[in-house]
Every structure is written in structure tokens, then in C-alpha cells.
Amino acid sequence: VNASRETGAAALSRREKIAPPKKYGVYLLNDDYTPMDFVVNVLTEIFVLPQARAMAVMLLVHHEGKGLCGVYTLDMAQTKQQQVMRRAKREGHPLQCTVEEV
Ligand code: TYC
């Protein structure tokens, strides 16, 4: 965007015209088989939630069917989703994770 290394007013006014990157929510979906402690570990380790928040999100998904884990750029959201799905698959759990534009 600023490849010409322009500075000052020209660069600033150009930056002001760049739309902020779209944001994407990563959601966990409920199922009847994935253990609660596995979900809590996913939330603390992949989404870096404190233990109490991880427990709250896990229970919300358990009761409501779906819950927001975090909001990221598309790239980061897809990476988190991939990390969740790979870990679940590796451990033999059917946990599903979706990415949606916020
Ligand atoms: N419903 C699961 C159980 O009772 C727990 C669970 C919570 C599973 C959240 C998935 O995204 C999920 N063991």
C-alpha cells in the first residue's frame, strides 16, 4: 500500500481511505460426544481464554448449541479453526468449529 515509502500528508490521506480488515468470529458447535474437559482445554490453549471464561463458553455451547470463542482477521480465524479441527480429529472427537464474518 505504501510501497513508494511516501511520508507525511500524502501517506496519511491514503491510509485513511483503506477500509479496516473484516473481522471473523470462530464458533464452537455442541455435540453429544466431545468431553467437556477437552473443549475447555481447546478454549484455554488455542483461544487463550482464562480458565473461568473457558468453562463459561463451554457451558454456553453445551446449553445453547453454539458459542463465540474469539474474533480475528480471516487468516487467524481459519488458523484457529484448523487447530481445533485437527486436535479434535487426532483425539477422535466429533467437535465442529465454524468461521463466520462478524
Ligand atoms: N455436550 C458435550 C458433553 O456433554 C460437551 C460439549 C461442549 C461438546 C461444547 C462440544 O462445543 C462443545 N460432553
# chains A, B, ... in the order shown; residues from 1 in each chain; ligands from 1
$ residues_around --residues "Met58 of chain A" --least-positions-apart "2" --cutoff "8 Å" --atoms "only C-alpha atoms" --output "PDB file with C-alpha atoms, in the first residue's frame"
ATOM      1  CA  MET A  36     -16.260 -31.130  28.392  1.00  0.00           C
ATOM      2  CA  VAL A  39     -13.458 -28.366  24.998  1.00  0.00           C
ATOM      3  CA  VAL A  40     -12.191 -26.359  27.988  1.00  0.00           C
ATOM      4  CA  LEU A  43     -10.553 -22.795  24.760  1.00  0.00           C
ATOM      5  CA  ALA A  54     -13.271 -21.177  29.017  1.00  0.00           C
ATOM      6  CA  MET A  55     -15.639 -23.015  31.364  1.00  0.00           C
ATOM      7  CA  ALA A  56     -18.352 -20.384  30.764  1.00  0.00           C
ATOM      8  CA  LEU A  60     -22.822 -21.854  26.882  1.00  0.00           C
ATOM      9  CA  VAL A  61     -22.123 -24.036  23.837  1.00  0.00           C
ATOM     10  CA  HIS A  62     -23.346 -27.102  25.725  1.00  0.00           C
ATOM     11  CA  GLY A  67     -20.754 -20.150  21.087  1.00  0.00           C
TER      12      GLY A  67
END
$ residues_near_ligand --ligand "ligand 1" --cutoff "7 Å" --atoms "only C-alpha atoms and all ligand atoms" --output "PDB file with N, CA and C atoms, in the first residue's frame"
ATOM      1  N   LEU A  28     -17.630 -22.551  18.321  1.00  0.00           N
ATOM      2  CA  LEU A  28     -17.700 -23.992  18.576  1.00  0.00           C
ATOM      3  C   LEU A  28     -19.161 -24.415  18.530  1.00  0.00           C
ATOM      4  N   LEU A  29     -19.403 -25.613  18.016  1.00  0.00           N
ATOM      5  CA  LEU A  29     -20.750 -26.185  17.976  1.00  0.00           C
ATOM      6  C   LEU A  29     -20.848 -27.322  18.990  1.00  0.00           C
ATOM      7  N   ASN A  30     -22.023 -27.467  19.573  1.00  0.00           N
ATOM      8  CA  ASN A  30     -22.220 -28.548  20.537  1.00  0.00           C
ATOM      9  C   ASN A  30     -22.360 -29.896  19.833  1.00  0.00           C
ATOM     10  N   ASP A  31     -22.002 -30.957  20.533  1.00  0.00           N
ATOM     11  CA  ASP A  31     -22.308 -32.333  20.116  1.00  0.00           C
ATOM     12  C   ASP A  31     -22.438 -33.150  21.392  1.00  0.00           C
ATOM     13  N   ASP A  32     -22.870 -34.384  21.258  1.00  0.00           N
ATOM     14  CA  ASP A  32     -23.145 -35.197  22.452  1.00  0.00           C
ATOM     15  C   ASP A  32     -21.939 -36.006  22.921  1.00  0.00           C
ATOM     16  N   TYR A  33     -20.815 -35.937  22.231  1.00  0.00           N
ATOM     17  CA  TYR A  33     -19.716 -36.882  22.487  1.00  0.00           C
ATOM     18  C   TYR A  33     -18.408 -36.258  22.938  1.00  0.00           C
ATOM     19  N   THR A  34     -18.098 -35.053  22.467  1.00  0.00           N
ATOM     20  CA  THR A  34     -16.816 -34.443  22.845  1.00  0.00           C
ATOM     21  C   THR A  34     -16.810 -34.159  24.356  1.00  0.00           C
ATOM     22  N   PRO A  35     -15.794 -34.632  25.076  1.00  0.00           N
ATOM     23  CA  PRO A  35     -15.760 -34.403  26.533  1.00  0.00           C
ATOM     24  C   PRO A  35     -15.631 -32.919  26.866  1.00  0.00           C
ATOM     25  N   MET A  36     -16.305 -32.533  27.959  1.00  0.00           N
ATOM     26  CA  MET A  36     -16.260 -31.130  28.392  1.00  0.00           C
ATOM     27  C   MET A  36     -14.833 -30.660  28.659  1.00  0.00           C
ATOM     28  N   VAL A  39     -13.004 -29.670  25.514  1.00  0.00           N
ATOM     29  CA  VAL A  39     -13.458 -28.366  24.998  1.00  0.00           C
ATOM     30  C   VAL A  39     -12.831 -27.231  25.813  1.00  0.00           C
ATOM     31  N   MET A  58     -17.691 -23.006  27.262  1.00  0.00           N
ATOM     32  CA  MET A  58     -18.012 -24.422  27.039  1.00  0.00           C
ATOM     33  C   MET A  58     -19.458 -24.718  27.460  1.00  0.00           C
ATOM     34  N   LEU A  59     -19.841 -24.207  28.646  1.00  0.00           N
ATOM     35  CA  LEU A  59     -21.205 -24.457  29.145  1.00  0.00           C
ATOM     36  C   LEU A  59     -22.242 -23.756  28.282  1.00  0.00           C
ATOM     37  N   VAL A  61     -21.981 -23.207  25.046  1.00  0.00           N
ATOM     38  CA  VAL A  61     -22.123 -24.036  23.837  1.00  0.00           C
ATOM     39  C   VAL A  61     -22.939 -25.286  24.159  1.00  0.00           C
ATOM     40  N   HIS A  62     -22.634 -25.889  25.300  1.00  0.00           N
ATOM     41  CA  HIS A  62     -23.346 -27.102  25.725  1.00  0.00           C
ATOM     42  C   HIS A  62     -24.853 -26.849  25.833  1.00  0.00           C
ATOM     43  N   LYS A  66     -24.166 -23.398  20.379  1.00  0.00           N
ATOM     44  CA  LYS A  66     -23.141 -22.703  19.619  1.00  0.00           C
ATOM     45  C   LYS A  66     -22.602 -21.568  20.473  1.00  0.00           C
ATOM     46  N   LEU A  95     -16.004 -32.819  17.515  1.00  0.00           N
ATOM     47  CA  LEU A  95     -16.152 -31.367  17.696  1.00  0.00           C
ATOM     48  C   LEU A  95     -16.061 -30.614  16.381  1.00  0.00           C
ATOM     49  N   GLN A  96     -17.010 -29.698  16.175  1.00  0.00           N
ATOM     50  CA  GLN A  96     -17.044 -28.875  14.959  1.00  0.00           C
ATOM     51  C   GLN A  96     -16.833 -27.412  15.316  1.00  0.00           C
TER      52      GLN A  96
END
$ select_by_dssp --residues "chain A" --states "alpha helix (DSSP H)" --output "MDAnalysis selection string"
chainID A and resid 9:15 36:45 51:64 74:91
$ atom_distance --atom1 "atom CA of Gly25 of chain A" --atom2 "atom CA of Gln78 of chain A"
9.7 Å
$ residues_around --residues "segment 44-49 of chain A" --least-positions-apart "3" --cutoff "9 Å" --atoms "only C-alpha atoms" --output "MDAnalysis selection string"
chainID A and resid 39:41 52:54 69:70 80 83:84
$ write_last_selection --atoms "C-alpha atoms" --output "JSON list (two decimals), in the first residue's frame"
[["chain", "number", "residue", "atom", "x", "y", "z"],
["A", 39, "VAL", "CA", -13.46, -28.37, 25.00],
["A", 40, "VAL", "CA", -12.19, -26.36, 27.99],
["A", 41, "ASN", "CA", -8.59, -27.25, 27.03],
["A", 52, "ALA", "CA", -13.21, -19.42, 34.17],
["A", 53, "ARG", "CA", -14.05, -17.89, 30.75],
["A", 54, "ALA", "CA", -13.27, -21.18, 29.02],
["A", 69, "CYS", "CA", -14.63, -18.26, 21.02],
["A", 70, "GLY", "CA", -12.90, -15.23, 19.52],
["A", 80, "LYS", "CA", -7.68, -21.32, 14.89],
["A", 83, "GLN", "CA", -6.02, -26.10, 15.03],
["A", 84, "VAL", "CA", -9.32, -27.03, 16.72]]
$ select_by_dssp --residues "chain A" --states "strand (DSSP E or B)" --output "PyMOL selection string"
chain A and resi 24-29+66-72+96-101
$ atom_distance --atom1 "atom CA of Glu100 of chain A" --atom2 "atom CA of Arg86 of chain A"
18.9 Å
$ residues_around --residues "Glu101 of chain A" --least-positions-apart "5" --cutoff "10 Å" --atoms "only C-alpha atoms" --output "mmCIF file with C-alpha atoms, in the first residue's frame"
data_model
loop_
_atom_site.group_PDB
_atom_site.id
_atom_site.type_symbol
_atom_site.label_atom_id
_atom_site.label_comp_id
_atom_site.auth_asym_id
_atom_site.auth_seq_id
_atom_site.Cartn_x
_atom_site.Cartn_y
_atom_site.Cartn_z
ATOM 1 C CA LYS A 22 -13.107 -7.557 8.031
ATOM 2 C CA LYS A 23 -13.423 -9.493 11.287
ATOM 3 C CA TYR A 24 -14.392 -13.152 11.609
ATOM 4 C CA GLY A 25 -15.812 -14.986 14.599
ATOM 5 C CA VAL A 26 -14.709 -18.529 15.390
ATOM 6 C CA VAL A 71 -12.841 -12.623 16.738
ATOM 7 C CA TYR A 72 -9.882 -12.407 14.325
ATOM 8 C CA THR A 73 -8.746 -11.474 10.858
ATOM 9 C CA LEU A 74 -9.756 -14.140 8.293
ATOM 10 C CA ALA A 77 -9.709 -17.273 12.292
#
$ atom_distance --atom1 "atom CA of Gly92 of chain A" --atom2 "atom CA of Phe38 of chain A"
11.0 Å
